$ cat query.cif   # mmCIF, C-alpha atoms; chains and numbers go by the auth columns
data_entry
#
loop_
_atom_site.group_PDB
_atom_site.id
_atom_site.type_symbol
_atom_site.label_atom_id
_atom_site.label_comp_id
_atom_site.label_asym_id
_atom_site.label_seq_id
_atom_site.Cartn_x
_atom_site.Cartn_y
_atom_site.Cartn_z
_atom_site.B_iso_or_equiv
_atom_site.auth_seq_id
_atom_site.auth_asym_id
ATOM 1 C CA MET A 1 -7.447 -8.296 13.304 0.00 1206 A
ATOM 2 C CA LYS A 2 -6.136 -8.038 16.837 0.00 1207 A
ATOM 3 C CA ASP A 3 -7.810 -5.878 19.430 0.00 1208 A
ATOM 4 C CA LEU A 4 -5.894 -2.654 19.069 0.00 1209 A
ATOM 5 C CA PRO A 5 -4.804 -0.894 22.238 0.00 1210 A
ATOM 6 C CA LYS A 6 -6.214 2.455 23.283 0.00 1211 A
ATOM 7 C CA LEU A 7 -3.642 5.007 22.164 0.00 1212 A
ATOM 8 C CA THR A 8 -2.638 7.800 24.507 0.00 1213 A
ATOM 9 C CA ARG A 9 -1.998 11.352 23.392 0.00 1214 A
ATOM 10 C CA LEU A 10 1.734 10.623 23.699 0.00 1215 A
ATOM 11 C CA ASP A 11 1.406 7.461 21.559 0.00 1216 A
ATOM 12 C CA ARG A 12 -0.293 9.549 18.869 0.00 1217 A
ATOM 13 C CA ARG A 13 2.444 12.168 18.997 0.00 1218 A
ATOM 14 C CA VAL A 14 5.085 9.434 18.652 0.00 1219 A
ATOM 15 C CA LEU A 15 3.196 8.008 15.652 0.00 1220 A
ATOM 16 C CA ALA A 16 2.980 11.443 14.056 0.00 1221 A
ATOM 17 C CA GLU A 17 6.743 11.916 14.382 0.00 1222 A
ATOM 18 C CA LEU A 18 7.468 8.439 13.010 0.00 1223 A
ATOM 19 C CA GLN A 19 5.206 9.070 10.022 0.00 1224 A
ATOM 20 C CA ARG A 20 7.013 12.336 9.314 0.00 1225 A
ATOM 21 C CA ASN A 21 10.423 10.652 9.505 0.00 1226 A
ATOM 22 C CA CYS A 22 10.858 7.030 10.562 0.00 1227 A
ATOM 23 C CA ARG A 23 14.625 7.426 10.604 0.00 1228 A
ATOM 24 C CA LEU A 24 14.567 9.567 13.744 0.00 1229 A
ATOM 25 C CA SER A 25 16.264 8.041 16.767 0.00 1230 A
ATOM 26 C CA ASN A 26 14.266 7.296 19.885 0.00 1231 A
ATOM 27 C CA GLN A 27 16.028 10.232 21.545 0.00 1232 A
ATOM 28 C CA GLU A 28 15.078 12.623 18.739 0.00 1233 A
ATOM 29 C CA ILE A 29 11.450 11.511 18.946 0.00 1234 A
ATOM 30 C CA ALA A 30 11.534 11.819 22.733 0.00 1235 A
ATOM 31 C CA ASP A 31 12.874 15.375 22.473 0.00 1236 A
ATOM 32 C CA ARG A 32 10.084 16.304 20.062 0.00 1237 A
ATOM 33 C CA VAL A 33 7.262 14.787 22.123 0.00 1238 A
ATOM 34 C CA GLY A 34 8.564 15.668 25.587 0.00 1239 A
ATOM 35 C CA SER A 35 9.313 12.172 26.856 0.00 1240 A
ATOM 36 C CA SER A 36 12.294 9.933 27.539 0.00 1241 A
ATOM 37 C CA ALA A 37 14.017 7.796 24.919 0.00 1242 A
ATOM 38 C CA SER A 38 13.301 4.608 26.881 0.00 1243 A
ATOM 39 C CA SER A 39 9.593 5.450 27.133 0.00 1244 A
ATOM 40 C CA VAL A 40 9.455 6.145 23.375 0.00 1245 A
ATOM 41 C CA TRP A 41 11.245 2.856 22.662 0.00 1246 A
ATOM 42 C CA ARG A 42 8.732 0.913 24.825 0.00 1247 A
ATOM 43 C CA ARG A 43 5.760 2.662 23.216 0.00 1248 A
ATOM 44 C CA ILE A 44 7.023 1.925 19.703 0.00 1249 A
ATOM 45 C CA ARG A 45 7.629 -1.760 20.541 0.00 1250 A
ATOM 46 C CA THR A 46 4.197 -2.052 22.163 0.00 1251 A
ATOM 47 C CA MET A 47 2.538 -0.494 19.083 0.00 1252 A
ATOM 48 C CA GLU A 48 4.510 -2.825 16.783 0.00 1253 A
ATOM 49 C CA ASP A 49 3.512 -5.893 18.822 0.00 1254 A
ATOM 50 C CA ALA A 50 -0.132 -4.790 18.814 0.00 1255 A
ATOM 51 C CA GLY A 51 -0.185 -4.209 15.041 0.00 1256 A
ATOM 52 C CA VAL A 52 -0.642 -0.434 15.225 0.00 1257 A
ATOM 53 C CA ILE A 53 2.725 -0.038 13.485 0.00 1258 A
ATOM 54 C CA ASP A 54 3.016 -2.577 10.696 0.00 1259 A
ATOM 55 C CA GLY A 55 6.450 -1.699 9.393 0.00 1260 A
ATOM 56 C CA PHE A 56 8.941 0.927 8.310 0.00 1261 A
ATOM 57 C CA GLN A 57 9.809 1.586 4.694 0.00 1262 A
ATOM 58 C CA VAL A 58 11.608 3.866 2.310 0.00 1263 A
ATOM 59 C CA SER A 59 9.538 5.761 -0.230 0.00 1264 A
ATOM 60 C CA VAL A 60 11.074 5.524 -3.711 0.00 1265 A
ATOM 61 C CA THR A 61 10.169 7.690 -6.700 0.00 1266 A
ATOM 62 C CA ALA A 62 8.852 5.374 -9.433 0.00 1267 A
ATOM 63 C CA GLU A 63 10.220 7.579 -12.214 0.00 1268 A
ATOM 64 C CA ALA A 64 13.743 7.279 -10.791 0.00 1269 A
ATOM 65 C CA LEU A 65 13.550 3.531 -11.445 0.00 1270 A
ATOM 66 C CA GLY A 66 12.184 3.938 -14.963 0.00 1271 A
ATOM 67 C CA TYR A 67 8.447 3.625 -14.268 0.00 1272 A
ATOM 68 C CA ALA A 68 6.968 6.609 -16.096 0.00 1273 A
ATOM 69 C CA GLU A 69 3.343 5.424 -16.034 0.00 1274 A
ATOM 70 C CA VAL A 70 0.893 4.794 -13.211 0.00 1275 A
ATOM 71 C CA ILE A 71 -2.330 3.100 -14.255 0.00 1276 A
ATOM 72 C CA MET A 72 -5.425 2.222 -12.266 0.00 1277 A
ATOM 73 C CA VAL A 73 -6.755 -1.104 -13.543 0.00 1278 A
ATOM 74 C CA TYR A 74 -10.324 -2.150 -12.765 0.00 1279 A
ATOM 75 C CA VAL A 75 -10.819 -5.913 -12.782 0.00 1280 A
ATOM 76 C CA SER A 76 -14.015 -7.955 -12.894 0.00 1281 A
ATOM 77 C CA LEU A 77 -13.777 -11.665 -12.227 0.00 1282 A
ATOM 78 C CA SER A 78 -15.747 -14.261 -14.140 0.00 1283 A
ATOM 79 C CA LYS A 79 -15.427 -16.762 -11.297 0.00 1284 A
ATOM 80 C CA HIS A 80 -16.375 -15.421 -7.908 0.00 1285 A
ATOM 81 C CA SER A 81 -15.864 -18.778 -6.276 0.00 1286 A
ATOM 82 C CA GLY A 82 -13.039 -19.275 -3.827 0.00 1287 A
ATOM 83 C CA SER A 83 -10.718 -20.653 -6.489 0.00 1288 A
ATOM 84 C CA GLY A 84 -11.124 -17.631 -8.804 0.00 1289 A
ATOM 85 C CA VAL A 85 -10.600 -15.141 -6.002 0.00 1290 A
ATOM 86 C CA ASP A 86 -7.710 -17.182 -4.604 0.00 1291 A
ATOM 87 C CA ALA A 87 -6.013 -17.387 -8.006 0.00 1292 A
ATOM 88 C CA PHE A 88 -6.429 -13.635 -8.547 0.00 1293 A
ATOM 89 C CA THR A 89 -5.132 -12.868 -5.065 0.00 1294 A
ATOM 90 C CA GLU A 90 -2.060 -15.018 -5.639 0.00 1295 A
ATOM 91 C CA LEU A 91 -1.490 -13.382 -9.026 0.00 1296 A
ATOM 92 C CA VAL A 92 -1.453 -9.823 -7.671 0.00 1297 A
ATOM 93 C CA GLN A 93 0.586 -10.808 -4.606 0.00 1298 A
ATOM 94 C CA ASN A 94 3.324 -12.143 -6.876 0.00 1299 A
ATOM 95 C CA GLU A 95 3.291 -9.365 -9.479 0.00 1300 A
ATOM 96 C CA PRO A 96 5.796 -6.606 -8.576 0.00 1301 A
ATOM 97 C CA GLN A 97 4.231 -4.076 -10.972 0.00 1302 A
ATOM 98 C CA VAL A 98 1.024 -4.179 -8.920 0.00 1303 A
ATOM 99 C CA LEU A 99 1.674 -1.752 -6.081 0.00 1304 A
ATOM 100 C CA GLU A 100 -1.780 -1.869 -4.518 0.00 1305 A
ATOM 101 C CA CYS A 101 -4.908 -3.982 -4.859 0.00 1306 A
ATOM 102 C CA TYR A 102 -8.314 -3.275 -3.334 0.00 1307 A
ATOM 103 C CA ALA A 103 -11.516 -5.304 -3.364 0.00 1308 A
ATOM 104 C CA VAL A 104 -14.238 -2.766 -4.186 0.00 1309 A
ATOM 105 C CA THR A 105 -17.965 -2.355 -4.669 0.00 1310 A
ATOM 106 C CA GLY A 106 -19.570 -1.152 -7.873 0.00 1311 A
ATOM 107 C CA ASP A 107 -19.042 -2.219 -11.471 0.00 1312 A
ATOM 108 C CA HIS A 108 -15.755 -4.004 -10.786 0.00 1313 A
ATOM 109 C CA ASP A 109 -14.440 -6.409 -8.183 0.00 1314 A
ATOM 110 C CA PHE A 110 -10.917 -5.029 -7.737 0.00 1315 A
ATOM 111 C CA VAL A 111 -8.862 -1.915 -8.399 0.00 1316 A
ATOM 112 C CA LEU A 112 -5.120 -2.241 -8.980 0.00 1317 A
ATOM 113 C CA LYS A 113 -2.473 0.452 -8.935 0.00 1318 A
ATOM 114 C CA VAL A 114 0.099 -0.618 -11.526 0.00 1319 A
ATOM 115 C CA VAL A 115 3.384 0.942 -12.627 0.00 1320 A
ATOM 116 C CA ALA A 116 4.919 0.508 -16.076 0.00 1321 A
ATOM 117 C CA GLU A 117 7.913 1.853 -17.962 0.00 1322 A
ATOM 118 C CA ASP A 118 5.673 3.082 -20.788 0.00 1323 A
ATOM 119 C CA MET A 119 2.326 2.273 -22.404 0.00 1324 A
ATOM 120 C CA ARG A 120 3.734 -0.567 -24.494 0.00 1325 A
ATOM 121 C CA ALA A 121 5.088 -2.195 -21.340 0.00 1326 A
ATOM 122 C CA PHE A 122 1.695 -1.731 -19.716 0.00 1327 A
ATOM 123 C CA TYR A 123 -0.010 -3.397 -22.690 0.00 1328 A
ATOM 124 C CA ARG A 124 2.398 -6.346 -22.356 0.00 1329 A
ATOM 125 C CA PHE A 125 1.518 -6.519 -18.654 0.00 1330 A
ATOM 126 C CA LEU A 126 -2.199 -6.631 -19.514 0.00 1331 A
ATOM 127 C CA GLU A 127 -1.723 -9.321 -22.158 0.00 1332 A
ATOM 128 C CA ASP A 128 0.722 -11.478 -20.235 0.00 1333 A
ATOM 129 C CA THR A 129 -0.642 -11.096 -16.722 0.00 1334 A
ATOM 130 C CA LEU A 130 -4.373 -10.385 -16.800 0.00 1335 A
ATOM 131 C CA MET A 131 -6.032 -10.925 -20.155 0.00 1336 A
ATOM 132 C CA ASN A 132 -5.065 -14.595 -20.482 0.00 1337 A
ATOM 133 C CA LYS A 133 -6.588 -15.720 -17.175 0.00 1338 A
ATOM 134 C CA ASP A 134 -9.925 -17.556 -17.467 0.00 1339 A
ATOM 135 C CA TYR A 135 -11.092 -16.280 -14.075 0.00 1340 A
ATOM 136 C CA ILE A 136 -10.824 -12.643 -15.229 0.00 1341 A
ATOM 137 C CA ASP A 137 -13.888 -11.499 -17.154 0.00 1342 A
ATOM 138 C CA ARG A 138 -12.842 -7.979 -18.111 0.00 1343 A
ATOM 139 C CA THR A 139 -10.580 -5.085 -17.265 0.00 1344 A
ATOM 140 C CA SER A 140 -10.633 -1.377 -17.866 0.00 1345 A
ATOM 141 C CA SER A 141 -7.845 1.073 -17.204 0.00 1346 A
ATOM 142 C CA THR A 142 -7.360 4.706 -16.333 0.00 1347 A
ATOM 143 C CA VAL A 143 -3.979 6.279 -16.942 0.00 1348 A
ATOM 144 C CA VAL A 144 -2.854 8.675 -14.210 0.00 1349 A
ATOM 145 C CA MET A 145 -1.975 11.942 -15.922 0.00 1350 A
ATOM 146 C CA ASN A 146 -0.751 13.847 -12.870 0.00 1351 A
ATOM 147 C CA LYS A 147 -0.356 12.942 -9.203 0.00 1352 A
ATOM 148 C CA ILE A 148 -2.197 15.556 -7.149 0.00 1353 A
ATOM 149 C CA LYS A 149 -1.723 13.959 -3.735 0.00 1354 A
ATOM 150 C CA GLU A 150 -0.174 10.760 -2.481 0.00 1355 A
ATOM 151 C CA SER A 151 0.197 10.051 1.197 0.00 1356 A
ATOM 152 C CA ARG A 152 0.766 7.070 3.449 0.00 1357 A
ATOM 153 C CA THR A 153 0.335 9.253 6.543 0.00 1358 A
ATOM 154 C CA ILE A 154 -2.670 8.253 8.635 0.00 1359 A
ATOM 155 C CA PRO A 155 -4.204 11.133 10.620 0.00 1360 A
ATOM 156 C CA VAL A 156 -3.415 10.686 14.317 0.00 1361 A
#
$ encode --input "query.cif" --output "structure tokens"
Amino acid sequence: MKDLPKLTRLDRRVLAELQRNCRLSNQEIADRVGSSASSVWRRIRTMEDAGVIDGFQVSVTAEALGYAEVIMVYVSLSKHSGSGVDAFTELVQNEPQVLECYAVTGDHDFVLKVVAEDMRAFYRFLEDTLMNKDYIDRTSSTVVMNKIKESRTIPV
């Protein structure tokens, strides 16, 4: 990772506003943080170039697109060599139903956040995507019953 720049109080205020609503104009952000639009624009570009800001995105409700289930899948690999990890990494990178993947400590090697239309679709995902790979030893799953909190906002 790059050396990240030291963020000023104003940079942090700009980040807070962007995280609340990334569709604000530079002028709207400037008005909220007490700066000029050109200064806000330069700060945003500098933070993008430095990797502090890694993108802008729209948040979509999974249910609106027909994904009624969210499942946390715990994966243990049978091959911890480079090729097993590389194959697994490529698999999850190319699988659109996998929203997030984390390498973890404990009883499993990875945790996936997966969406599915229903439980039958999730079972097909398990069979077709994970269970037939020789580098995957075992999986276990936890079905999310209710979302209590979900945030992409990083405290600034």
$ closest_atom_pairs --input "query.cif" --of "range 1208-1304 of chain A" --to "range 1348-1360 of chain A" --cutoff "8 Å" --atoms "all atoms listed in the file" --output "JSON lines"
{"residue": "A:Ala1221", "atom": "CA", "partner": "A:Pro1360", "partner_atom": "CA", "distance": 8.0}
{"residue": "A:Gln1224", "atom": "CA", "partner": "A:Thr1358", "partner_atom": "CA", "distance": 6.0}
{"residue": "A:Arg1225", "atom": "CA", "partner": "A:Thr1358", "partner_atom": "CA", "distance": 7.9}
{"residue": "A:Glu1274", "atom": "CA", "partner": "A:Val1349", "partner_atom": "CA", "distance": 7.2}
{"residue": "A:Val1275", "atom": "CA", "partner": "A:Val1349", "partner_atom": "CA", "distance": 5.5}
{"residue": "A:Ile1276", "atom": "CA", "partner": "A:Val1348", "partner_atom": "CA", "distance": 4.5}
{"residue": "A:Met1277", "atom": "CA", "partner": "A:Val1348", "partner_atom": "CA", "distance": 6.4}
$ residues_around --input "query.cif" --residues "Ile1234 in chain A" --least-positions-apart "2" --cutoff "10 Å" --atoms "all atoms listed in the file" --output "list in words"
Arg1218, Val1219, Leu1220, Ala1221, Glu1222, Leu1223, Asn1226, Cys1227, Arg1228, Leu1229, Ser1230, Asn1231, Gln1232, Asp1236, Arg1237, Val1238, Gly1239, Ser1240, Ser1241, Ala1242, Val1245 and Trp1246 of chain A
$ atom_distance --input "query.cif" --atom1 "CA of Thr1347 in chain A" --atom2 "CA of Gly1271 in chain A"
19.6 Å
$ closest_residue --input "query.cif" --among "A:Leu1215, A:Tyr1272, A:Arg1325, A:Asn1299" --to "Ser1244 in chain A" --atoms "all atoms listed in the file"
A:Leu1215
$ closest_residue --input "query.cif" --among "A:Gly1256, A:Pro1301, A:Gly1289, A:Pro1210" --to "Lys1338 in chain A" --atoms "only C-alpha atoms"
A:Gly1289
$ closest_residue --input "query.cif" --among "A:Asp1291, A:Glu1253, A:Glu1322, A:Asp1342" --to "Leu1270 in chain A" --atoms "all atoms listed in the file"
A:Glu1322
$ resolve_selection --input "query.cif" --expression "the PyMOL selection byres ((chain A and resi 1302) around 10)" --output "PyMOL selection string"
chain A and resi 1272+1275+1297-1301+1303-1305+1317-1322+1327+1330
$ residues_around --input "query.cif" --residues "Tyr1279 in chain A" --least-positions-apart "4" --cutoff "7 Å" --atoms "all atoms listed in the file" --output "ChimeraX atom specification"
/A:1313,1315-1317,1344-1346
$ write_last_selection --input "query.cif" --atoms "C-alpha atoms" --output "CSV table (one decimal), in the frame of the given file"
chain,number,residue,atom,x,y,z
A,1313,HIS,CA,-15.8,-4.0,-10.8
A,1315,PHE,CA,-10.9,-5.0,-7.7
A,1316,VAL,CA,-8.9,-1.9,-8.4
A,1317,LEU,CA,-5.1,-2.2,-9.0
A,1344,THR,CA,-10.6,-5.1,-17.3
A,1345,SER,CA,-10.6,-1.4,-17.9
A,1346,SER,CA,-7.8,1.1,-17.2
$ axis_aligned_box --input "query.cif" --around "range 1292-1305 of chain A" --padding-each-side "3 Å" --output "lines of an AutoDock Vina configuration file"
center_x = -0.3
center_y = -9.6
center_z = -7.7
size_x = 18.2
size_y = 21.6
size_z = 12.5
